[in-house]
Amino acid sequence: MRNSPLSNDPRLVRWYGLLAIVVGGMTALQSRVNGRLAIHLENGILAGFVSNFSGWIVLCVLVAAFATNRASFSRIITSIRRRDIKVWEVLGGLGGGFFLAAQGSGVPVIGIALFTISLVAGQTTSSLLVDKLGIAPSGKKPITALRVFTAFSTLCGVTVAVAPKLSQGSFDIFYILIALAIGVIVSFQQAVNGRFNALTQQPIVTTWFNFAIGTALLVIFLGIQSLFVRHVGEFPTNPLLYTGGLLGLTFISISAYIIKELGVLNFIMFSVTGQLFTALLVDAIAPVNGARLSGFVVAGTLITFVSIFIPKILSQIKINS
């Protein structure tokens with residue numbers, strides 16, 4: 001996979017970059033939707049299951065409705081039976097299951113902006129290892145000073161964002177650490193999905209397997225949880241709170257296409273931009289209880305934003321010099 005396959009056509013780069021920003025924004029919106037659903041259900045894992053299962057049902061219809069999707073699906077099933085595809089290459093959806101469980105549980109407590117910043121910090125840090133191992137289709141990449149700087153600066157941004165809450169007795173750092181861990185898992189998921197999409201050649205089919213695996217994992221989580229938690233809140237009547245699955249299948253499918261057409265490096269830059277600023281905007285307009293937007297969160301987001309783009313700018317300067 002090439003890092004900048006469209007670098008010679010600025011118009012296409014801008015167009016796909018806009019789509020990547022939209023993808024990032026959808027990720028942040030899904031966090032809010034699933035977080036609000038979790039508040040009503042009083043169960044973050046159940047909210048994640050509702051989101052994932054509803055999206056999977058839609059994907060079943062989309063796979064069945066189009067011949068290209070059906071052919072790709074049949075080819076993948078045959079390859080799995082013949083063991084031409086490694087088991088771990090199909091398990092990218094596990095990351096989605098963990099993400100949804102953490103998303104539904106964490107966002108109502110710490111807010112969408114703080115959850116997003118922590119998530120990005122985990123992704124950025126773990127990307128060093130992902131690139132070093134060569135899990136993504138783009139192959140192995142060395143750990144450079146610029147990449148280390150990006151990871152360190154992002155972690156500094158998270159520290160600034162959470163600083164005022166660390167002294168509060170009611171603040172539980174557990175959800176911050178969970179979001180960081182999920183960022184690590186999602187980083188590996190993106191690399192695995194890139195490999196798997198190269199095999200399916202159909203983003204909808206790639207997304208179907210992601211949602212199927214993720215739904216299965218959430219069913220296991222619910223089964224374990226049922227041994228300790230019996231109470232469940234009421235299902236809300238607001239239909240917008242059930243759109244998390246549609247948002248998820250949309251941004252995962254678009255991502256699979258954008259990564260191939262735009263390149264991994266550019267995709268990360270644009271999508272993180274959309275994710276961070278949409279999270280800030282949502283928390284500013286409609287903050288959840290106990291998670292109002294503060295100057296520390298804004299400063300932490302700006303630090304994270306700058307740390308992500310500085311390596312890109314320096315690399316362009318180096319290329320043009």
# chains A, B, ... in the order shown; residues from 1 in each chain; ligands from 1

call {"tool": "residues_around", "arguments": {"residues": "region 234-249 of chain A", "least_positions_apart": "6", "cutoff": "12 Å", "atoms": "only C-alpha atoms", "output": "JSON, numbers by chain"}}
result
{"A": [22, 23, 24, 25, 26, 27, 28, 29, 30, 31, 32, 33, 34, 35, 36, 37, 38, 39, 40, 41, 42, 43, 46, 47, 48, 49, 50, 51, 52, 53, 54, 55, 56, 57, 58, 59, 60, 62, 93, 96, 97, 99, 100, 103, 104, 203, 204, 205, 206, 207, 208, 209, 210, 211, 212, 214, 215, 255, 256]}

call {"tool": "residues_around", "arguments": {"residues": "region 123-128 of chain A", "least_positions_apart": "2", "cutoff": "9 Å", "atoms": "only C-alpha atoms", "output": "short mmCIF file (atom, residue, chain, number, x, y, z; two decimals) with N, CA and C atoms, in the first residue's frame"}}
result
data_model
loop_
_atom_site.label_atom_id
_atom_site.label_comp_id
_atom_site.auth_asym_id
_atom_site.auth_seq_id
_atom_site.Cartn_x
_atom_site.Cartn_y
_atom_site.Cartn_z
N SER A 118 -8.15 10.74 24.79
CA SER A 118 -7.49 9.55 25.34
C SER A 118 -7.39 8.46 24.29
N LEU A 119 -8.44 8.31 23.51
CA LEU A 119 -8.45 7.31 22.45
C LEU A 119 -7.36 7.60 21.43
N VAL A 120 -7.27 8.86 21.01
CA VAL A 120 -6.25 9.26 20.03
C VAL A 120 -4.85 9.05 20.59
N ALA A 121 -4.67 9.32 21.88
CA ALA A 121 -3.36 9.11 22.51
C ALA A 121 -2.95 7.65 22.44
N VAL A 130 2.72 -0.90 15.82
CA VAL A 130 2.01 -1.46 14.67
C VAL A 130 2.84 -1.32 13.40
N ASP A 131 3.40 -0.12 13.20
CA ASP A 131 4.24 0.11 12.01
C ASP A 131 5.54 -0.68 12.08
N LYS A 132 6.08 -0.78 13.27
CA LYS A 132 7.34 -1.52 13.43
C LYS A 132 7.14 -3.00 13.09
N LEU A 133 6.00 -3.58 13.50
CA LEU A 133 5.72 -5.00 13.24
C LEU A 133 5.28 -5.24 11.80
N LYS A 141 7.60 -0.10 9.14
CA LYS A 141 8.14 1.26 9.13
C LYS A 141 8.96 1.46 10.39
N PRO A 142 10.11 2.10 10.28
CA PRO A 142 10.98 2.26 11.46
C PRO A 142 10.40 3.24 12.46
N ILE A 143 10.81 3.13 13.70
CA ILE A 143 10.42 4.08 14.75
C ILE A 143 11.36 5.28 14.65
N THR A 144 10.84 6.38 14.14
CA THR A 144 11.65 7.58 13.93
C THR A 144 11.44 8.57 15.06
N ARG A 147 8.03 10.24 14.91
CA ARG A 147 6.92 9.42 15.41
C ARG A 147 6.92 9.39 16.94
N VAL A 148 8.09 9.29 17.53
CA VAL A 148 8.18 9.31 18.99
C VAL A 148 7.70 10.66 19.52
N THR A 150 5.51 12.64 18.17
CA THR A 150 4.06 12.68 18.05
C THR A 150 3.39 11.97 19.21
N ALA A 151 3.87 10.77 19.53
CA ALA A 151 3.28 10.00 20.62
C ALA A 151 3.44 10.72 21.96
N PHE A 152 4.64 11.23 22.22
CA PHE A 152 4.90 11.92 23.49
C PHE A 152 4.07 13.18 23.61
N THR A 154 1.25 13.90 22.18
CA THR A 154 -0.16 13.55 22.34
C THR A 154 -0.46 13.18 23.79
N LEU A 155 0.42 12.42 24.39
CA LEU A 155 0.25 12.07 25.80
C LEU A 155 0.30 13.31 26.69
N LEU A 180 -7.50 4.88 26.73
CA LEU A 180 -6.14 4.74 26.20
C LEU A 180 -5.90 3.32 25.69
N ALA A 181 -6.33 2.33 26.48
CA ALA A 181 -6.16 0.93 26.08
C ALA A 181 -6.94 0.61 24.82
N ILE A 182 -8.16 1.15 24.72
CA ILE A 182 -8.97 0.91 23.53
C ILE A 182 -8.32 1.55 22.31
N GLY A 183 -7.67 2.69 22.50
CA GLY A 183 -6.95 3.31 21.39
C GLY A 183 -5.87 2.39 20.85
N VAL A 184 -5.18 1.69 21.75
CA VAL A 184 -4.16 0.72 21.34
C VAL A 184 -4.80 -0.41 20.54
N ILE A 185 -5.93 -0.93 21.04
CA ILE A 185 -6.62 -2.03 20.37
C ILE A 185 -7.12 -1.60 18.99
N VAL A 186 -7.71 -0.40 18.92
CA VAL A 186 -8.24 0.11 17.65
C VAL A 186 -7.13 0.31 16.63
N SER A 187 -5.94 0.71 17.09
CA SER A 187 -4.81 0.88 16.18
C SER A 187 -4.48 -0.44 15.49
N PHE A 188 -4.46 -1.52 16.26
CA PHE A 188 -4.22 -2.83 15.67
C PHE A 188 -5.39 -3.25 14.77
N ILE A 308 0.09 16.05 16.13
CA ILE A 308 -0.20 15.15 15.01
C ILE A 308 0.26 15.75 13.69
#

call {"tool": "closest_residue", "arguments": {"among": "A:Ile213, A:Ala179, A:Val87, A:Val272", "to": "Val306 (chain A)", "atoms": "only C-alpha atoms"}}
result
A:Val272

call {"tool": "closest_residue", "arguments": {"among": "A:Ser105, A:Phe149, A:Gly194, A:Leu218", "to": "Ile176 (chain A)", "atoms": "only C-alpha atoms"}}
result
A:Ser105

call {"tool": "residues_around", "arguments": {"residues": "Gly92 (chain A)", "least_positions_apart": "5", "cutoff": "6 Å", "atoms": "only C-alpha atoms", "output": "ChimeraX atom specification"}}
result
/A:189,192-193,210

call {"tool": "write_last_selection", "arguments": {"atoms": "N, CA and C atoms", "output": "mmCIF file, in the first residue's frame"}}
result
data_model
loop_
_atom_site.group_PDB
_atom_site.id
_atom_site.type_symbol
_atom_site.label_atom_id
_atom_site.label_comp_id
_atom_site.auth_asym_id
_atom_site.auth_seq_id
_atom_site.Cartn_x
_atom_site.Cartn_y
_atom_site.Cartn_z
ATOM 1 N N GLN A 189 -6.616 -2.889 15.186
ATOM 2 C CA GLN A 189 -7.794 -3.224 14.381
ATOM 3 C C GLN A 189 -7.717 -2.587 12.997
ATOM 4 N N VAL A 192 -5.294 -4.515 10.840
ATOM 5 C CA VAL A 192 -5.856 -5.810 10.440
ATOM 6 C C VAL A 192 -6.948 -5.620 9.396
ATOM 7 N N ASN A 193 -7.787 -4.606 9.584
ATOM 8 C CA ASN A 193 -8.842 -4.334 8.607
ATOM 9 C C ASN A 193 -8.263 -3.976 7.243
ATOM 10 N N ASN A 210 -16.455 -7.341 10.473
ATOM 11 C CA ASN A 210 -16.141 -6.569 11.676
ATOM 12 C C ASN A 210 -17.324 -6.546 12.639
#

call {"tool": "atom_distance", "arguments": {"atom1": "CA of Asp84 (chain A)", "atom2": "CA of Val219 (chain A)"}}
result
28.0 Å

call {"tool": "closest_residue", "arguments": {"among": "A:Thr200, A:Thr304, A:Thr116, A:Gln190", "to": "Ser79 (chain A)", "atoms": "only C-alpha atoms"}}
result
A:Thr200

call {"tool": "atom_distance", "arguments": {"atom1": "CA of Ala71 (chain A)", "atom2": "CA of Gln202 (chain A)"}}
result
9.7 Å

call {"tool": "select_by_dssp", "arguments": {"residues": "region 152-272 of chain A", "states": "helix (DSSP H, G or I)", "output": "ChimeraX atom specification"}}
result
/A:152-165,174-200,203-226,239-242,244-262,264-272

call {"tool": "atom_distance", "arguments": {"atom1": "CA of Val107 (chain A)", "atom2": "CA of Gly157 (chain A)"}}
result
18.4 Å

call {"tool": "closest_residue", "arguments": {"among": "A:Val90, A:Ala198, A:Ala20, A:Ala145", "to": "Thr250 (chain A)", "atoms": "only C-alpha atoms"}}
result
A:Ala20
